[in-house]
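The data block below is start.txt; it holds compact mmCIF, C-alpha atoms.
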# COMPACT_ATOMS: atom_id res chain seq x y z
CA MET K 1 -33.59 51.30 -1.66
CA HIS K 2 -30.27 49.56 -2.18
CA GLU K 3 -31.93 47.38 -4.82
CA VAL K 4 -31.02 50.19 -7.25
CA ASP K 5 -27.34 49.53 -6.55
CA MET K 6 -27.91 45.78 -6.62
CA THR K 7 -29.47 46.22 -10.06
CA LYS K 8 -26.48 48.25 -11.23
CA CYS K 9 -24.18 45.44 -10.10
CA LEU K 10 -26.42 42.91 -11.84
CA LEU K 11 -26.31 44.90 -15.09
CA LEU K 12 -22.50 45.05 -14.91
CA SER K 13 -22.36 41.29 -14.45
CA MET K 14 -24.72 40.78 -17.40
CA GLN K 15 -22.56 43.10 -19.49
CA GLU K 16 -19.54 40.99 -18.57
CA TRP K 17 -21.34 37.81 -19.66
CA ARG K 18 -22.27 39.39 -23.00
CA GLN K 19 -18.75 40.62 -23.69
CA GLN K 20 -17.15 37.30 -22.81
CA HIS K 21 -19.55 34.89 -24.44
CA GLN K 22 -21.67 36.63 -27.02
CA PRO K 23 -20.05 37.90 -30.22
CA GLN K 24 -23.40 39.32 -31.37
CA THR K 25 -25.89 41.04 -29.10
CA PRO K 26 -28.34 38.39 -27.90
CA VAL K 27 -32.06 38.91 -27.36
CA VAL K 28 -32.52 38.09 -23.68
CA ASP K 29 -35.93 36.76 -22.68
CA ARG K 30 -35.34 35.94 -19.03
CA VAL K 31 -32.66 36.27 -16.37
CA HIS K 32 -33.02 33.74 -13.55
CA LEU K 33 -31.82 34.75 -10.10
CA GLN K 34 -31.59 32.82 -6.88
CA VAL K 35 -32.05 35.08 -3.88
CA GLY K 36 -31.67 33.65 -0.40
CA GLU K 37 -34.14 34.44 2.35
CA PHE K 38 -31.25 35.47 4.62
CA THR K 39 -30.10 38.42 2.50
CA CYS K 40 -30.98 42.11 2.39
CA VAL K 41 -32.73 41.83 -0.98
CA GLU K 42 -36.43 42.40 -1.46
CA PRO K 43 -37.35 40.45 -4.63
CA ASP K 44 -40.30 42.71 -5.58
CA GLN K 45 -38.16 45.83 -5.38
CA LEU K 46 -35.43 44.18 -7.42
CA VAL K 47 -37.94 43.32 -10.17
CA PHE K 48 -39.25 46.90 -10.09
CA THR K 49 -35.83 48.54 -10.38
CA TRP K 50 -34.77 46.04 -13.05
CA GLY K 51 -37.76 47.00 -15.20
CA ALA K 52 -36.78 50.67 -14.99
CA ALA K 53 -33.05 50.10 -15.43
CA VAL K 54 -33.17 48.00 -18.60
CA GLN K 55 -35.45 50.36 -20.56
CA GLY K 56 -33.77 51.36 -23.78
CA SER K 57 -30.78 49.07 -23.15
CA TRP K 58 -29.86 45.80 -24.87
CA LEU K 59 -31.76 44.05 -22.06
CA ASP K 60 -35.01 45.95 -22.70
CA GLY K 61 -37.91 43.51 -22.40
CA ALA K 62 -35.96 40.88 -20.50
CA GLU K 63 -37.89 39.46 -17.57
CA LEU K 64 -36.24 39.02 -14.19
CA VAL K 65 -37.31 35.72 -12.62
CA ILE K 66 -36.45 35.35 -8.95
CA GLU K 67 -36.38 32.06 -7.11
CA THR K 68 -36.36 32.56 -3.34
CA VAL K 69 -34.11 30.12 -1.50
CA PRO K 70 -35.26 29.41 2.06
CA LEU K 71 -32.96 29.77 5.06
CA VAL K 72 -31.75 26.39 6.29
CA GLY K 73 -29.42 26.00 9.26
CA ARG K 74 -27.50 22.96 10.42
CA CYS K 75 -27.53 22.09 14.11
CA THR K 76 -23.97 21.79 15.38
CA ARG K 77 -24.98 19.25 18.04
CA CYS K 78 -27.05 16.64 16.12
CA ASP K 79 -26.06 17.64 12.56
CA GLY K 80 -29.73 17.85 11.55
CA THR K 81 -30.99 20.65 9.34
CA TYR K 82 -33.77 23.05 10.36
CA SER K 83 -35.66 26.10 9.12
CA PRO K 84 -35.27 29.11 11.40
CA SER K 85 -38.16 31.60 11.55
CA VAL K 86 -36.57 34.62 9.92
CA GLU K 87 -36.90 37.77 12.06
CA GLN K 88 -38.00 35.72 15.08
CA ALA K 89 -35.83 32.83 16.17
CA TYR K 90 -32.70 31.21 14.80
CA ARG K 91 -31.87 28.54 17.39
CA SER K 92 -32.20 24.91 16.36
CA PRO K 93 -35.50 23.45 17.61
CA CYS K 94 -33.91 20.01 18.05
CA CYS K 95 -31.07 20.90 20.43
CA ASP K 96 -31.53 24.64 21.10
CA GLN K 97 -28.21 25.59 19.51
CA PRO K 98 -27.42 29.00 17.95
CA MET K 99 -27.30 29.27 14.16
CA GLU K 100 -23.65 28.44 13.58
CA GLN K 101 -23.88 26.93 10.11
CA ILE K 102 -26.02 28.13 7.22
CA VAL K 103 -26.76 25.50 4.58
CA SER K 104 -28.74 27.78 2.29
CA GLY K 105 -30.36 31.19 2.32
CA ARG K 106 -27.35 33.47 1.66
CA GLU K 107 -27.51 33.11 -2.14
CA LEU K 108 -27.36 36.15 -4.41
CA ARG K 109 -26.75 34.29 -7.62
CA ILE K 110 -27.38 34.82 -11.31
CA ARG K 111 -28.30 31.25 -12.16
CA SER K 112 -28.98 31.34 -15.89
CA VAL K 113 -30.04 33.39 -18.89
CA ASP K 114 -32.64 32.46 -21.52
CA TYR K 115 -31.81 34.16 -24.81
CA SER K 116 -31.85 33.83 -28.55
CA LEU K 117 -29.58 35.07 -31.28
CA PRO K 118 -30.78 37.31 -34.09
CA HIS K 119 -31.35 35.36 -37.30
CA VAL K 120 -28.42 35.35 -39.70
CA ALA K 121 -29.40 34.46 -43.27
CA PRO K 122 -27.79 31.10 -44.03
CA ALA K 123 -26.33 30.62 -47.50
CA SER K 124 -28.33 27.47 -48.12
CA SER K 125 -30.70 26.19 -50.79
CA ASP K 126 -33.80 26.15 -48.59
CA GLN K 127 -34.25 29.88 -49.16
CA PRO K 128 -37.28 30.56 -51.30
CA VAL K 129 -36.03 31.15 -54.81
CA PRO K 130 -37.62 34.11 -56.57
CA THR K 131 -39.42 32.97 -59.65
CA THR K 132 -39.02 34.70 -62.96
CA THR K 133 -41.61 34.90 -65.66
CA MET I 1 -36.34 32.46 -36.49
CA HIS I 2 -34.87 32.62 -32.95
CA LEU I 3 -33.02 29.70 -31.46
CA PRO I 4 -33.94 29.44 -27.77
CA LEU I 5 -30.72 29.12 -25.77
CA GLN I 6 -29.84 28.99 -22.12
CA ASP I 7 -26.53 29.76 -20.45
CA THR I 8 -25.84 28.69 -16.90
CA ILE I 9 -23.92 31.46 -15.24
CA GLY I 10 -23.72 30.84 -11.49
CA LEU I 11 -22.21 34.27 -10.86
CA ASN I 12 -22.65 36.29 -7.68
CA LEU I 13 -25.12 39.13 -8.25
CA LEU I 14 -22.66 41.46 -6.53
CA ALA I 15 -19.62 40.12 -8.41
CA ALA I 16 -18.72 43.60 -9.68
CA ASN I 17 -18.57 44.99 -6.13
CA GLN I 18 -16.75 41.90 -4.90
CA HIS I 19 -13.97 42.35 -7.47
CA GLN I 20 -13.46 45.97 -6.44
CA ALA I 21 -13.46 44.98 -2.74
CA GLU I 22 -10.74 42.41 -3.37
CA HIS I 23 -8.75 45.01 -5.22
CA ASN I 24 -9.03 47.39 -2.23
CA ARG I 25 -7.94 44.58 0.10
CA GLU I 26 -4.83 43.97 -2.01
CA HIS I 27 -3.89 47.61 -1.45
CA PHE I 28 -4.45 47.27 2.30
CA GLU I 29 -2.21 44.24 2.37
CA ALA I 30 0.52 46.00 0.41
CA TRP I 31 0.31 48.89 2.89
CA GLN I 32 0.27 46.40 5.79
CA LEU I 33 -2.66 48.01 7.54
CA LEU I 34 -5.76 46.68 9.23
CA CYS I 35 -9.03 47.93 7.72
CA LEU I 36 -12.21 47.94 9.81
CA ASN I 37 -15.72 48.60 8.51
CA VAL I 38 -17.85 50.17 11.26
CA MET I 39 -21.61 49.90 10.80
CA SER I 40 -24.80 50.60 12.74
CA SER I 41 -28.17 52.31 12.49
CA PRO I 42 -28.11 56.14 12.52
CA GLY I 43 -27.43 57.48 15.99
CA ALA I 44 -26.08 54.29 17.56
CA GLY I 45 -22.88 56.14 18.42
CA LYS I 46 -20.29 55.30 15.74
CA THR I 47 -18.78 58.78 15.64
CA SER I 48 -18.76 59.23 19.44
CA LEU I 49 -17.06 55.87 19.86
CA LEU I 50 -14.50 56.71 17.19
CA GLU I 51 -13.75 60.03 18.88
CA ARG I 52 -12.92 58.19 22.10
CA SER I 53 -11.04 55.31 20.46
CA LEU I 54 -8.98 57.50 18.13
CA ALA I 55 -7.90 59.71 21.03
CA ALA I 56 -7.06 56.70 23.24
CA LEU I 57 -5.21 54.74 20.56
CA ALA I 58 -3.36 57.57 18.82
CA PRO I 59 -0.17 57.09 20.90
CA GLU I 60 -0.05 53.42 19.81
CA PHE I 61 -1.29 53.39 16.21
CA ALA I 62 -1.10 55.59 13.12
CA MET I 63 -4.70 55.82 11.92
CA ALA I 64 -6.95 57.44 9.32
CA VAL I 65 -10.70 57.44 8.74
CA LEU I 66 -12.82 57.21 5.61
CA GLU I 67 -16.08 58.78 6.68
CA GLY I 68 -19.27 57.89 4.84
CA ASP I 69 -22.10 60.37 5.20
CA MET I 70 -25.10 60.88 2.98
CA THR I 71 -24.95 64.64 2.51
CA THR I 72 -22.92 66.43 5.16
CA GLN I 73 -19.39 66.65 6.42
CA LEU I 74 -20.37 67.05 10.08
CA ASP I 75 -19.00 63.71 11.30
CA ALA I 76 -15.76 64.19 9.39
CA ASP I 77 -15.24 67.57 11.08
CA ARG I 78 -15.80 66.01 14.53
CA LEU I 79 -13.21 63.30 13.90
CA GLU I 80 -10.66 65.58 12.27
CA ALA I 81 -10.72 67.58 15.52
CA VAL I 82 -9.19 64.54 17.26
CA GLY I 83 -6.13 64.96 15.05
CA VAL I 84 -6.26 62.03 12.59
CA PRO I 85 -6.63 62.42 8.81
CA VAL I 86 -10.28 62.05 7.79
CA VAL I 87 -11.54 61.75 4.23
CA PRO I 88 -15.26 62.40 3.90
CA ILE I 89 -17.12 60.33 1.32
CA THR I 90 -20.51 61.90 0.73
CA THR I 91 -22.65 59.19 -0.78
CA GLY I 92 -25.51 61.35 -2.02
CA ARG I 93 -28.65 59.26 -2.11
CA ALA I 94 -26.84 55.95 -1.61
CA CYS I 95 -27.50 54.51 1.84
CA HIS I 96 -24.26 52.54 2.12
CA LEU I 97 -20.64 52.64 1.02
CA ASP I 98 -19.64 50.28 -1.74
CA ALA I 99 -16.17 49.17 -2.74
CA ALA I 100 -15.90 51.72 -5.58
CA MET I 101 -16.72 54.64 -3.24
CA VAL I 102 -14.06 53.45 -0.80
CA SER I 103 -11.60 53.17 -3.68
CA GLY I 104 -12.38 56.82 -4.50
CA GLY I 105 -11.81 57.72 -0.83
CA LEU I 106 -8.44 55.95 -0.91
CA LYS I 107 -7.33 58.09 -3.86
CA LEU I 108 -8.14 61.25 -1.88
CA LEU I 109 -6.38 59.85 1.19
CA ARG I 110 -3.22 59.19 -0.84
CA GLN I 111 -3.11 62.85 -1.84
CA ARG I 112 -2.73 63.70 1.86
CA ILE I 113 -0.66 60.90 3.37
CA ASP I 114 1.30 57.79 2.49
CA PRO I 115 -1.06 54.95 3.45
CA SER I 116 1.84 52.57 4.11
CA SER I 117 2.60 54.70 7.19
CA LEU I 118 -0.78 53.68 8.66
CA ASP I 119 -1.54 50.85 11.08
CA ILE I 120 -5.33 51.06 11.09
CA LEU I 121 -7.79 52.42 8.51
CA TRP I 122 -11.31 52.97 9.79
CA VAL I 123 -14.25 53.04 7.40
CA GLU I 124 -17.26 54.61 9.10
CA ASN I 125 -20.20 53.43 7.04
CA VAL I 126 -23.48 55.26 6.48
CA GLY I 127 -25.95 54.75 9.33
CA ASN I 128 -28.12 51.84 8.20
CA LEU I 129 -28.67 48.30 9.49
CA VAL I 130 -29.64 46.83 6.11
CA CYS I 131 -27.58 47.61 3.00
CA PRO I 132 -24.03 47.97 4.36
CA ALA I 133 -24.22 44.32 5.43
CA GLU I 134 -24.23 43.15 1.79
CA PHE I 135 -21.62 45.48 0.28
CA GLU I 136 -18.04 44.56 1.14
CA VAL I 137 -15.52 47.35 0.82
CA GLY I 138 -12.35 45.28 1.26
CA GLU I 139 -12.28 45.38 5.06
CA HIS I 140 -10.55 42.74 7.17
CA ARG I 141 -13.06 42.95 9.99
CA LYS I 142 -16.63 44.19 10.35
CA VAL I 143 -17.74 45.93 13.53
CA ALA I 144 -21.44 46.48 14.21
CA LEU I 145 -22.81 48.76 16.90
CA LEU I 146 -26.18 48.40 18.58
CA SER I 147 -27.23 50.92 21.22
CA VAL I 148 -29.26 49.82 24.23
CA THR I 149 -32.00 52.30 23.25
CA GLU I 150 -32.74 50.46 20.00
CA GLY I 151 -34.50 47.49 21.57
CA ASP I 152 -33.44 43.89 22.03
CA ASP I 153 -35.24 42.61 18.91
CA LYS I 154 -32.90 44.30 16.40
CA PRO I 155 -30.45 41.39 15.99
CA LEU I 156 -33.42 39.19 15.06
CA LYS I 157 -34.98 41.77 12.71
CA TYR I 158 -31.76 42.79 10.98
CA PRO I 159 -29.94 39.47 11.26
CA VAL I 160 -27.65 39.78 8.24
CA MET I 161 -25.81 42.76 9.74
CA PHE I 162 -25.21 40.94 13.03
CA ARG I 163 -24.36 37.67 11.28
CA GLU I 164 -21.68 39.42 9.22
CA ALA I 165 -20.09 41.28 12.13
CA ASP I 166 -16.90 39.96 13.70
CA CYS I 167 -17.38 42.21 16.71
CA VAL I 168 -20.66 43.65 18.02
CA LEU I 169 -20.48 46.58 20.41
CA ILE I 170 -23.51 47.20 22.62
CA THR I 171 -23.26 50.95 23.08
CA LYS I 172 -24.62 53.61 25.45
CA THR I 173 -24.57 51.22 28.42
CA ASP I 174 -24.43 54.23 30.76
CA LEU I 175 -28.16 54.64 29.99
CA LEU I 176 -29.08 51.17 31.26
CA PRO I 177 -30.23 52.33 34.72
CA TYR I 178 -32.89 54.48 33.04
CA LEU I 179 -34.24 51.97 30.52
CA PRO I 180 -36.51 48.94 30.73
CA VAL I 181 -34.12 46.93 28.57
CA ASP I 182 -32.51 43.57 29.30
CA VAL I 183 -28.96 43.71 27.96
CA GLU I 184 -28.51 39.95 28.41
CA ARG I 185 -31.44 39.44 26.07
CA ILE I 186 -29.71 41.62 23.46
CA GLU I 187 -26.60 39.48 23.82
CA GLU I 188 -28.62 36.28 23.54
CA HIS I 189 -30.25 37.51 20.32
CA ILE I 190 -26.87 38.40 18.81
CA HIS I 191 -25.57 34.97 19.82
CA GLN I 192 -28.54 33.25 18.11
CA VAL I 193 -27.68 34.67 14.70
CA ASN I 194 -23.91 34.76 15.17
CA PRO I 195 -22.39 32.57 17.88
CA ARG I 196 -18.86 33.50 16.73
CA ALA I 197 -19.12 37.26 17.23
CA THR I 198 -17.18 38.95 20.00
CA VAL I 199 -19.75 40.99 21.94
CA ILE I 200 -18.61 43.87 24.16
CA ARG I 201 -20.69 46.33 26.20
CA VAL I 202 -19.33 49.86 25.90
CA SER I 203 -20.13 53.45 26.74
CA ALA I 204 -18.29 56.26 24.96
CA SER I 205 -19.68 58.54 27.64
CA SER I 206 -18.54 56.74 30.81
CA GLY I 207 -15.67 54.84 29.23
CA GLU I 208 -17.08 51.44 30.29
CA GLY I 209 -15.82 48.57 28.16
CA LEU I 210 -13.46 50.68 26.07
CA GLU I 211 -10.43 48.79 27.37
CA ALA I 212 -11.98 45.46 26.30
CA TRP I 213 -12.85 46.90 22.88
CA HIS I 214 -9.36 48.27 22.39
CA GLY I 215 -7.99 44.91 23.50
CA TRP I 216 -9.96 43.22 20.71
CA LEU I 217 -8.56 45.75 18.24
CA ARG I 218 -4.98 45.12 19.36
CA GLN I 219 -5.55 41.39 18.91
CA GLN I 220 -6.76 41.89 15.34
CA TRP I 221 -3.86 44.17 14.57
CA GLN I 222 -1.33 41.69 16.00
CA ALA I 223 -2.92 38.84 14.04
CA GLN I 224 -2.76 40.94 10.88
CA ARG I 225 0.97 41.51 11.39
CA VAL I 226 1.64 37.78 11.60
CA GLN I 227 -0.51 36.91 8.60
CA PRO I 228 -2.87 39.04 6.47
CA LEU I 229 -6.39 38.46 7.76
CA SER I 230 -8.92 37.01 5.39
CA PRO I 231 -12.56 38.04 5.69
CA ALA I 232 -14.41 36.23 8.44
CA GLU I 233 -15.55 32.68 7.80
CA SER I 234 -19.25 33.46 7.69
CA ARG I 235 -18.66 35.78 4.75
CA GLN I 236 -16.53 33.24 2.95
CA THR I 237 -19.44 30.83 3.27
CA ALA I 238 -21.75 33.45 1.81
CA ILE I 239 -19.44 33.99 -1.14
CA ALA I 240 -19.07 30.26 -1.70
CA LEU I 241 -22.84 29.82 -1.64
CA ALA I 242 -23.35 32.66 -4.08
Here is the file; what I need is its structure written in the form of structure tokens.
Amino acid sequence: MHEVDMTKCLLLSMQEWRQQHQPQTPVVDRVHLQVGEFTCVEPDQLVFTWGAAVQGSWLDGAELVIETVPLVGRCTRCDGTYSPSVEQAYRSPCCDQPMEQIVSGRELRIRSVDYSLPHVAPASSDQPVPTTT
Amino acid sequence: MHLPLQDTIGLNLLAANQHQAEHNREHFEAWQLLCLNVMSSPGAGKTSLLERSLAALAPEFAMAVLEGDMTTQLDADRLEAVGVPVVPITTGRACHLDAAMVSGGLKLLRQRIDPSSLDILWVENVGNLVCPAEFEVGEHRKVALLSVTEGDDKPLKYPVMFREADCVLITKTDLLPYLPVDVERIEEHIHQVNPRATVIRVSASSGEGLEAWHGWLRQQWQAQRVQPLSPAESRQTAIALA
């Protein structure tokens, strides 16, 4: 269950983002990840451990959205791309070459964060003015 | 009122581990040693192979071992008996070593010896074909072991491990006469997922292939002396993608 450690790494990276870019603690709605098919990450387990790990933290309630990126290889003979059958066969069907180049599928990327900032009362005139009688 | 905002980050999920791994590698380069990360499933023969290789190479190289083990110190005791310094890293429930654990092991090692006196630092990872493949520890080269008793489908089922390895050792070849296993098929499957890997058949029991394996090691060590080795190209691609 190395997704626990993956989640810890992810939380550290999120912490880094907050410290570098957010002067006030943001309310995070969603964290978008791209996880390649040719990695050791099980998206369901990552979502599960994320849910447990963020409880009570500044990320409590934030949803983890995972986009799976398929494995695509490039044939070294004809330069065409192909989709290997993960766990079964990785040779290129066009020219029967081994999987030398990977075009996509190794991603473990935090793509983006959807968030909002807590409301700060602006000193403007559109505030409702209390009426006096 | 909440303003909906979105930040594009594009950061590697394992960035925190990656930074620590690079930090470890800077130490290795300052100490001018070659660091190897040895990985396999439990029981594939990492410790037996290390026992043989440490004994055979001790006249040539100054070596030390960081030994990852989930709960016990058994493997560390076996290797210490060969006469090289061994630092056990018990990982508890973690099923792999990460860069921070190896950094902790390095601190303990420095209490015993001066690492700049070393030529080769071995990291024996926790037995597991899945997680160690994704967690760099700062090594220059990854070595994966696959024993002939594990079946020829393993490189296809656990492809990331074999893709990441610079050298794959097919171990326990002395058992081949007793098994219905096609070793050429194992090699073909490794080649499918990683055509660049050096694949060597070895037996720690009979000694078969050990000379070829040690030859590969000497090559890496020589190359490291000329110019610090960077991680293998496949991993650089992975980092660039992520």
**Message:** Taking only C-alpha atoms into account and nothing else, which residues of chain I lie no more than 10 Å away from chain K? Please answer as a PyMOL selection string.
**Reply:** chain I and resi 1-18+93-96+98+129-135+153-161+163+188-196+234-235+237-242
**Message:** I'd like the neighbourhood of segment 201-217 of chain I as number ranges by chain, where a residue qualifies if any of its atoms comes within 9 Å (using all atoms listed in the file), though same-chain residues fewer than 5 positions away should be ignored.
**Reply:** I: 45, 48-53, 56-57, 167-175, 183, 222
**Asked** Pick from I:Leu66, I:Arg185, I:Ala44, I:Val38: nearest to Thr90 of chain I, with all atoms listed in the file counted?
**Response** I:Leu66
Write out as an mmCIF file with C-alpha atoms, in the frame of the given file the residues lying within 10 Å of Glu22 of chain I, counting only C-alpha atoms and excluding same-chain residues fewer than 5 positions away.
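Everything below was put into part_24.cif:
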data_model
loop_
_atom_site.group_PDB
_atom_site.id
_atom_site.type_symbol
_atom_site.label_atom_id
_atom_site.label_comp_id
_atom_site.auth_asym_id
_atom_site.auth_seq_id
_atom_site.Cartn_x
_atom_site.Cartn_y
_atom_site.Cartn_z
ATOM 1 C CA ASN I 17 -18.570 44.990 -6.130
ATOM 2 C CA HIS I 27 -3.890 47.610 -1.450
ATOM 3 C CA PHE I 28 -4.450 47.270 2.300
ATOM 4 C CA ALA I 99 -16.170 49.170 -2.740
ATOM 5 C CA GLU I 136 -18.040 44.560 1.140
ATOM 6 C CA VAL I 137 -15.520 47.350 0.820
ATOM 7 C CA GLY I 138 -12.350 45.280 1.260
ATOM 8 C CA GLU I 139 -12.280 45.380 5.060
#
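One finds atom CA of Ala165 of chain I at 19.7 Å from atom CA of Thr149 of chain I.
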Counting only C-alpha atoms, select every polymer residue within 9 Å of (-1.1, 52.9, 3.6) as defined in the file's coordinates, and provide the selection as a PDB file with C-alpha atoms, in the frame of the given file.
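Saved result, result01.pdb, follows:
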ATOM      1  CA  HIS I  27      -3.890  47.610  -1.450  1.00  0.00           C
ATOM      2  CA  PHE I  28      -4.450  47.270   2.300  1.00  0.00           C
ATOM      3  CA  GLU I  29      -2.210  44.240   2.370  1.00  0.00           C
ATOM      4  CA  ALA I  30       0.520  46.000   0.410  1.00  0.00           C
ATOM      5  CA  TRP I  31       0.310  48.890   2.890  1.00  0.00           C
ATOM      6  CA  GLN I  32       0.270  46.400   5.790  1.00  0.00           C
ATOM      7  CA  LEU I  33      -2.660  48.010   7.540  1.00  0.00           C
ATOM      8  CA  ARG I 110      -3.220  59.190  -0.840  1.00  0.00           C
ATOM      9  CA  ILE I 113      -0.660  60.900   3.370  1.00  0.00           C
ATOM     10  CA  ASP I 114       1.300  57.790   2.490  1.00  0.00           C
ATOM     11  CA  PRO I 115      -1.060  54.950   3.450  1.00  0.00           C
ATOM     12  CA  SER I 116       1.840  52.570   4.110  1.00  0.00           C
ATOM     13  CA  SER I 117       2.600  54.700   7.190  1.00  0.00           C
ATOM     14  CA  LEU I 118      -0.780  53.680   8.660  1.00  0.00           C
ATOM     15  CA  ASP I 119      -1.540  50.850  11.080  1.00  0.00           C
ATOM     16  CA  ILE I 120      -5.330  51.060  11.090  1.00  0.00           C
ATOM     17  CA  LEU I 121      -7.790  52.420   8.510  1.00  0.00           C
TER      18      LEU I 121
END
